[in-house]
Every structure is written in structure tokens, then in C-alpha cells.
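Participant: Got a structure for you, questions after.
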Amino acid sequence: MVNNPQTLKDIINAKLAVTTEEEEAWKMKANEMQVGGTHYKDMGVEPWDVIDTWPREQRIGAYRAGALKYIMRMGSKDEAPQEIAKGKHYLAKLLEVLTEK
């Protein structure tokens with residue numbers, strides 16, 4: 001196991017070939033971005049808009065489930081890096097919920 005988070009981040013970024021543009025995208029709020037197309041952004045109401053009306057514990061469960069789905073199916077539908085990016089997107093949203101005041 002790698003104990004140095006910076007080293008681990010370097011390894012992950014190298015494996016996923018993360019660009020500077022992608023790194024900047026991850027600094028946005030989760031709702032401001034979309035991984036793999038515009039189909040959700042093109043909707044009048046996005047699924048996350050609905051989930052965000054739910055009680056906190058239900059939102060936590062929904063975002064955990066979304067992340068798990070993409071991690072578990074890694075490479076079976078989309079390319080592995082895109083699947084992991086989608087899972088990371090859900091984890092970013094989960095982190096927002098966990099840290100909201």
C-alpha cells in the first residue's frame with residue numbers, strides 16, 4: 001500500500017492520463033459538470049436536482065450507490081477511465097453533502 005497521498009495521486013493521474021483541464025474541472029461543484037456527455041445538463045430538471053430535495057441520509061445513500069455502481073462496472077460499459085471519472089463525480093457530490101452546513 002502506498003502511504004504517500006501525493007504519490008498515490010500521481011499514480012492514479014498517470015494511469016488515467018488526467019489533463020490539467022480535467023483537474024480544473026474537478027475544482028467545480030459537482031452539479032456544474034458532467035462526465036460523458038451533456039444528456040443530464042440538457043434536461044430541464046436533472047436527477048441530482050431531485051435527489052437534492054431528499055433528506056440528508058437519503059442523499060448520502062443515493063450518491064454512495066451511484067459511486068459504487070460506476071466503480072463496480074468499471075470497463076464493462078464505458079472505458080475504465082470514464083467509469084472511474086463518473087464514480088469520482090458521485091464521490092465529489094457525496095463529499096459536498098457530507099460537508100454542507
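The chains in the C-alpha cells are called A, B, ... from first to last as shown; in each chain the residues are counted from 1, and the ligands are counted from 1 in the order shown.
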Please provide the set of residues having any atom within 8 Å of A:Val35, restricted to only C-alpha atoms, with same-chain residues fewer than 3 positions apart removed, written as a PDB file with C-alpha atoms, in the first residue's frame.
Facilitator:
```pdb
ATOM      1  CA  GLN A  82     -14.517   7.174 -17.900  1.00  0.00           C
ATOM      2  CA  ALA A  85     -14.418   9.502 -13.567  1.00  0.00           C
ATOM      3  CA  LYS A  86     -18.185   9.015 -13.272  1.00  0.00           C
ATOM      4  CA  HIS A  89     -18.161  12.592  -9.854  1.00  0.00           C
TER       5      HIS A  89
END
```
Participant: Could you give me, as a list in words, the residues within 7 Å of A:Tyr63, counting only C-alpha atoms and dropping anything in the same chain fewer than 3 positions from it?
Facilitator: Arg59, Ile60, Gly66, Ala67, Tyr90, Leu91, Lys93 and Leu94 of chain A
Participant: Taking only C-alpha atoms into account, which of A:Lys77, A:Gly87, A:Val97, A:Tyr70 comes nearest A:Ile51?
Facilitator: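 That would be A:Val97, the residue with the smallest distance to A:Ile51.
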Participant: Would you mind reading off the distance between atom CA of A:Ile71 and atom CA of A:Gly44, one decimal, in Å?
Facilitator: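 Between atom CA of A:Ile71 and atom CA of A:Gly44 the gap is 27.7 Å.
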Participant: Between atom CA of A:Trp48 and atom CA of A:Ala62, what is the distance in Å, rounded to a tenth?
Facilitator: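 Going from atom CA of A:Trp48 over to atom CA of A:Ala62, I get 9.5 Å.
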